[in-house]
Structure formats: structure tokens, C-alpha cells
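A.B. asks: I'd like to ask some things about the structure below.
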Amino acid sequence: MAPPLYATPAEKAWHYGFRILCGLIFFFLIAPLLVIVPLSFNAEPYFTFTPGMLALEAEAFSLRWYADILANDQWLHSIRNSFTIGIAATLLATTLGTLAALGLTSPAMPYRRAIMALLISPMIVPIIITATGMYFFYSWAGLAQTHLGIILAHTALGIPFVVITVTATLSGYDQTLTRAALSLGAPPHVAFFKVTMPIILPGIVSGGLFAFVTSFDEVVVVLFMAGFEERTIPRQMWAGIREQISPTILAVATALVLVSIALLTAVEMLRRRGERLRQGR
């Protein structure tokens, strides 16, 4: 976008300089992805660009590392675990986080700020401290090295994202709609599912997506608490880097980038839908 015609030379310099600076920052953030994606198609078992790749020779590129994911039982086991744990943790975090947000937005709720600070503490406390505490607590409870233990741990990490997004959505919600439904004879649960939930649904789904991404990408807690049977994709990637270096890791990383892009796209679409609903109201 060009600067206004009446802009001074200094304003024009700032206009273009600011955009160049934003472009450089964007390139700095995305450069690692620009390296990983083409390397995942390397026909040779190397983590560097071969002369054939630099010359764009067709035989220098291959899908062998993507095929290796489907042929490797350890990777398939990790993928199943990641989706199973991630979906279960997301459902729990979304349900509990939404209920907490509804309570925190109620005027009758005492000590709201203290409770909010407690709920979002897993987002603030360093993850290594959280993982250490979870390891000792879940070991005492007999839940270490179990799927249930990992699910509960990831639920605790995902709840803050749900609480923040749903609370932000509820801040613009008109409570008179709920009171109108109650005055017309609707029970509280019917008023919630028929009136409140459709309006705040974009915030709920956005929080759930953030909770899923948190669980799907989390590795520190899994390093502390998971055994071989509970190994997830990030844990398998960590083991692959330390024990058996293979470009299959790059193929998995590329797939995770695509999943992240899809989820972020969904979040942005939900955000725009929420804005349209608020403007239409």
C-alpha cells in the first residue's frame, strides 16, 4: 500500500522502512520452516542440500522419508498416541475451561482475579517446573507412565488457553439474552445450549484448538512422565535426534507445520465469524 500523497519525505521513509522491517522479522521467523520443508524431500539420508537439490535435479528429490513414516511402527504408534492424547485432553480442557470461564464472568463470583491467576498459572510457570511437579504428583498417584496421566497433565496445560479465549468472548456477551430465555420459562441448561453457547461457540472452539496444539506439540512433560507406550510425536522426534538420526524427522516436522497452518487458519476463520456475529448483533 502506497503512502498518502500529502506525506512528507520522512513519513514516506517511515512508511516503507516499517514494511521492510516487518518483512525482515517475518523472514527471520519463517526461515527455519523454509529450510525444513525442502530438506524433507531429499533423496539422500542427509540433513543438508545436496548438489542435485541445488541444481533442481528431479532424481535428487524423493518421498522416501514420508513413506518411511507409514512403514515405521514406532512413528505410527507415536502418531496414534498424539491424536488420542491430544483429542482427549482437548475435550477435557475445553469442558472444564468453558465452565470456569462462565463462573469467572459471573458478577456473583468471589475472588475472581485470584482464581483467574490460579487457572492460568500453568501458562506462566516455567514448563520444566510444572513438569517436575507433575512427575512427582502423578508418580505418587500411580498415574505416571500411563495414558490417563499424560491426558490429565495436558488438560492442565490446555485449560488456561480455553479460559482466556472463552472469557474474552463472554466479555462481549449480552447477559440480557440469557435472562430473556429464563423469563420465558427455559431451564438454565436449555438457555445455555440454545442461547449462550451458539454465540460464544467461536471462542470455545478457538480455545479447544489452542489446547489441542499445546498437547500435540508438548514434549517436556512427556519426557518426564511417559514410558515407551505413551511416546508421542514430539517425544519420538526427540528420541530420533538423540538415538537414530534420520531425515524422517524432517518429514514429520513438515507434516506438523501443515497441521499447525490448518489449525491457525481455522482459528482465524472462527475469529472473523465471531466478529461478524458481534457486528450483526
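Naming works like this for the C-alpha cells: A, B, ... for the chains as they're shown, residue 1 at the start of each chain, ligands 1 onward in shown order.
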If we count only C-alpha atoms, what is near segment 100-104 of chain A at a cut-off of 7 Å, once residues fewer than 6 positions away on the same chain are taken out, given as a short mmCIF file (atom, residue, chain, number, x, y, z; two decimals) with N, CA, C and O atoms, in the first residue's frame?

C.D. replies:
data_model
loop_
_atom_site.label_atom_id
_atom_site.label_comp_id
_atom_site.auth_asym_id
_atom_site.auth_seq_id
_atom_site.Cartn_x
_atom_site.Cartn_y
_atom_site.Cartn_z
N ARG A 112 -12.47 -13.40 41.92
CA ARG A 112 -12.32 -13.76 40.51
C ARG A 112 -10.88 -13.61 40.03
O ARG A 112 -10.38 -14.46 39.29
N VAL A 163 -9.76 -20.89 29.01
CA VAL A 163 -10.29 -19.89 29.92
C VAL A 163 -10.12 -18.48 29.35
O VAL A 163 -11.05 -17.67 29.37
N VAL A 166 -12.44 -18.04 26.02
CA VAL A 166 -13.88 -18.02 26.31
C VAL A 166 -14.23 -16.81 27.17
O VAL A 166 -15.28 -16.18 26.97
N THR A 167 -13.37 -16.45 28.11
CA THR A 167 -13.62 -15.25 28.92
C THR A 167 -13.65 -14.01 28.05
O THR A 167 -14.50 -13.11 28.24
#

A.B. asks: So that each row is one residue of segment 143-231 of chain A with an atom at most 9 Å from segment 270-273 of chain A, can you give its shortest atom pair and the distance in Å to one decimal, using only C-alpha atoms, rows by chain and rising number, as a tab-separated table?

C.D. replies:
residue	atom	partner	partner_atom	distance
A:Leu201	CA	A:Leu270	CA	8.8
A:Pro202	CA	A:Leu270	CA	5.2
A:Gly203	CA	A:Leu270	CA	7.7
A:Val205	CA	A:Leu270	CA	7.8
A:Ser206	CA	A:Leu270	CA	6.9

A.B. asks: Give me a file of those residues, with all heavy atoms, as a CSV table (one decimal), in the first residue's frame.

C.D. replies:
chain,number,residue,atom,x,y,z
A,201,LEU,N,-19.6,-19.9,20.8
A,201,LEU,CA,-19.0,-21.1,20.2
A,201,LEU,C,-17.7,-20.8,19.5
A,201,LEU,O,-16.7,-21.6,19.7
A,201,LEU,CB,-20.0,-21.8,19.2
A,201,LEU,CG,-19.5,-23.2,18.7
A,201,LEU,CD1,-19.3,-24.2,19.8
A,201,LEU,CD2,-20.6,-23.7,17.7
A,202,PRO,N,-17.5,-19.7,18.8
A,202,PRO,CA,-16.2,-19.5,18.2
A,202,PRO,C,-15.1,-19.4,19.2
A,202,PRO,O,-14.0,-19.9,19.0
A,202,PRO,CB,-16.4,-18.1,17.5
A,202,PRO,CG,-17.9,-18.1,17.1
A,202,PRO,CD,-18.5,-18.8,18.3
A,203,GLY,N,-15.3,-18.8,20.4
A,203,GLY,CA,-14.3,-18.7,21.4
A,203,GLY,C,-14.0,-20.1,22.0
A,203,GLY,O,-12.9,-20.4,22.3
A,205,VAL,N,-14.4,-23.0,20.5
A,205,VAL,CA,-13.6,-23.8,19.5
A,205,VAL,C,-12.2,-23.3,19.4
A,205,VAL,O,-11.3,-24.1,19.3
A,205,VAL,CB,-14.3,-23.8,18.2
A,205,VAL,CG1,-13.5,-24.6,17.1
A,205,VAL,CG2,-15.7,-24.4,18.3
A,206,SER,N,-12.0,-22.0,19.4
A,206,SER,CA,-10.7,-21.4,19.4
A,206,SER,C,-9.8,-21.9,20.5
A,206,SER,O,-8.7,-22.3,20.4
A,206,SER,CB,-10.7,-19.9,19.3
A,206,SER,OG,-11.4,-19.5,18.1

A.B. asks: Find the residues of segment 115-220 of chain A that sit at most 7 Å from segment 234-258 of chain A; for each, write down the nearest two atoms and how far apart they are in Å, to one decimal. Count only C-alpha atoms. Sort by chain, then by number going up, and give it as a Markdown table.

C.D. replies:
| residue | atom | partner | partner_atom | distance |
| --- | --- | --- | --- | --- |
| A:Asp217 | CA | A:Pro234 | CA | 6.2 |
| A:Glu218 | CA | A:Pro234 | CA | 6.9 |
| A:Val219 | CA | A:Pro234 | CA | 5.6 |

A.B. asks: Given the selection you just returned, output its residues as a file containing all heavy atoms, formatted as a compact mmCIF listing (two decimals), in the first residue's frame.

C.D. replies:
# COMPACT_ATOMS: atom_id res chain seq x y z
N ASP A 217 2.03 -30.58 20.61
CA ASP A 217 3.42 -30.16 20.48
C ASP A 217 4.22 -30.32 21.77
O ASP A 217 5.44 -30.12 21.75
CB ASP A 217 3.49 -28.69 20.05
CG ASP A 217 2.98 -28.49 18.62
OD1 ASP A 217 2.92 -29.48 17.89
OD2 ASP A 217 2.64 -27.35 18.27
N GLU A 218 3.57 -30.65 22.88
CA GLU A 218 4.24 -30.66 24.18
C GLU A 218 5.23 -31.83 24.28
O GLU A 218 4.93 -32.95 23.90
CB GLU A 218 3.21 -30.77 25.29
CG GLU A 218 3.67 -30.26 26.62
CD GLU A 218 4.61 -31.24 27.31
OE1 GLU A 218 4.36 -32.45 27.23
OE2 GLU A 218 5.58 -30.78 27.91
N VAL A 219 6.42 -31.56 24.80
CA VAL A 219 7.44 -32.60 24.91
C VAL A 219 8.05 -32.70 26.30
O VAL A 219 8.45 -33.79 26.72
CB VAL A 219 8.56 -32.37 23.86
CG1 VAL A 219 9.33 -31.10 24.16
CG2 VAL A 219 9.51 -33.55 23.80

A.B. asks: I'd like the interatomic distance between atom CA of Met116 of chain A and atom CA of Gly142 of chain A, to a tenth of an Å.

C.D. replies: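 We find that atom CA of Met116 of chain A and atom CA of Gly142 of chain A lie 29.0 Å from each other.
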
A.B. asks: Write out as a ChimeraX atom specification the residues lying within 9 Å of Thr232 of chain A, counting only C-alpha atoms and excluding same-chain residues fewer than 5 positions away.

C.D. replies: /A:75,77-83,85,216-219,222,226,237

A.B. asks: Got a sec to tell me which of segment 28-193 of chain A DSSP assigns to alpha helix (DSSP H), as a ChimeraX atom specification?

C.D. replies: /A:28-39,51-54,64-71,73-104,112-119,121-124,127-140,147-170,175-183,188-191

A.B. asks: In Å, with one decimal, what is the gap from atom CA of Gly208 of chain A to atom CA of Val221 of chain A?

C.D. replies: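 Atom CA of Val221 of chain A lies 19.5 Å from atom CA of Gly208 of chain A.
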
A.B. asks: Measuring atom to atom with only C-alpha atoms, identify which of A:Ser260, A:Ser215, A:Ser62, A:Thr178 is nearest to Thr90 of chain A.

C.D. replies: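 Looking at the shortest contact to Thr90 of chain A, the residue is A:Ser215.
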
A.B. asks: Using only C-alpha atoms, determine which residues lie at most 12 Å from Phe136 of chain A, disregarding the query and same-chain residues fewer than 6 positions distant; provide the list as a ChimeraX atom specification.

C.D. replies: /A:129-130,142-145,149,221,224-225

A.B. asks: Hey, what's within 10 Å of Thr48 of chain A if we count only C-alpha atoms and toss same-chain stuff fewer than 4 positions away? As a ChimeraX atom specification, please?

C.D. replies: /A:35-36,38-39,42,44,53,247

A.B. asks: Could those selected residues go to a file with C-alpha atoms, as an mmCIF file, in the first residue's frame?

C.D. replies:
data_model
loop_
_atom_site.group_PDB
_atom_site.id
_atom_site.type_symbol
_atom_site.label_atom_id
_atom_site.label_comp_id
_atom_site.auth_asym_id
_atom_site.auth_seq_id
_atom_site.Cartn_x
_atom_site.Cartn_y
_atom_site.Cartn_z
ATOM 1 C CA VAL A 35 14.751 -24.934 5.215
ATOM 2 C CA ILE A 36 12.946 -27.922 6.738
ATOM 3 C CA PRO A 38 12.596 -28.867 1.006
ATOM 4 C CA LEU A 39 15.058 -30.964 3.030
ATOM 5 C CA ASN A 42 15.918 -35.101 -0.015
ATOM 6 C CA GLU A 44 19.765 -38.894 0.272
ATOM 7 C CA MET A 53 18.911 -30.473 -4.994
ATOM 8 C CA PRO A 247 15.510 -37.343 7.654
#

A.B. asks: Closest to Trp65 of chain A among A:Thr105, A:Pro45, A:Cys22, A:Ala156, using only C-alpha atoms?

C.D. replies: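 Distance minimum relative to Trp65 of chain A lands on A:Pro45.
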
A.B. asks: What's the separation between atom CA of Ile164 of chain A and atom CA of Thr95 of chain A, in Å to one decimal place?

C.D. replies: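 A separation of 13.4 Å between them.
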
A.B. asks: Using only C-alpha atoms, which of the listed residues (A:Ile150, A:Ile120, A:Ile20, A:Leu29) sits closest to Arg231 of chain A?

C.D. replies: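 For Arg231 of chain A, the nearest of the given residues is A:Ile150.
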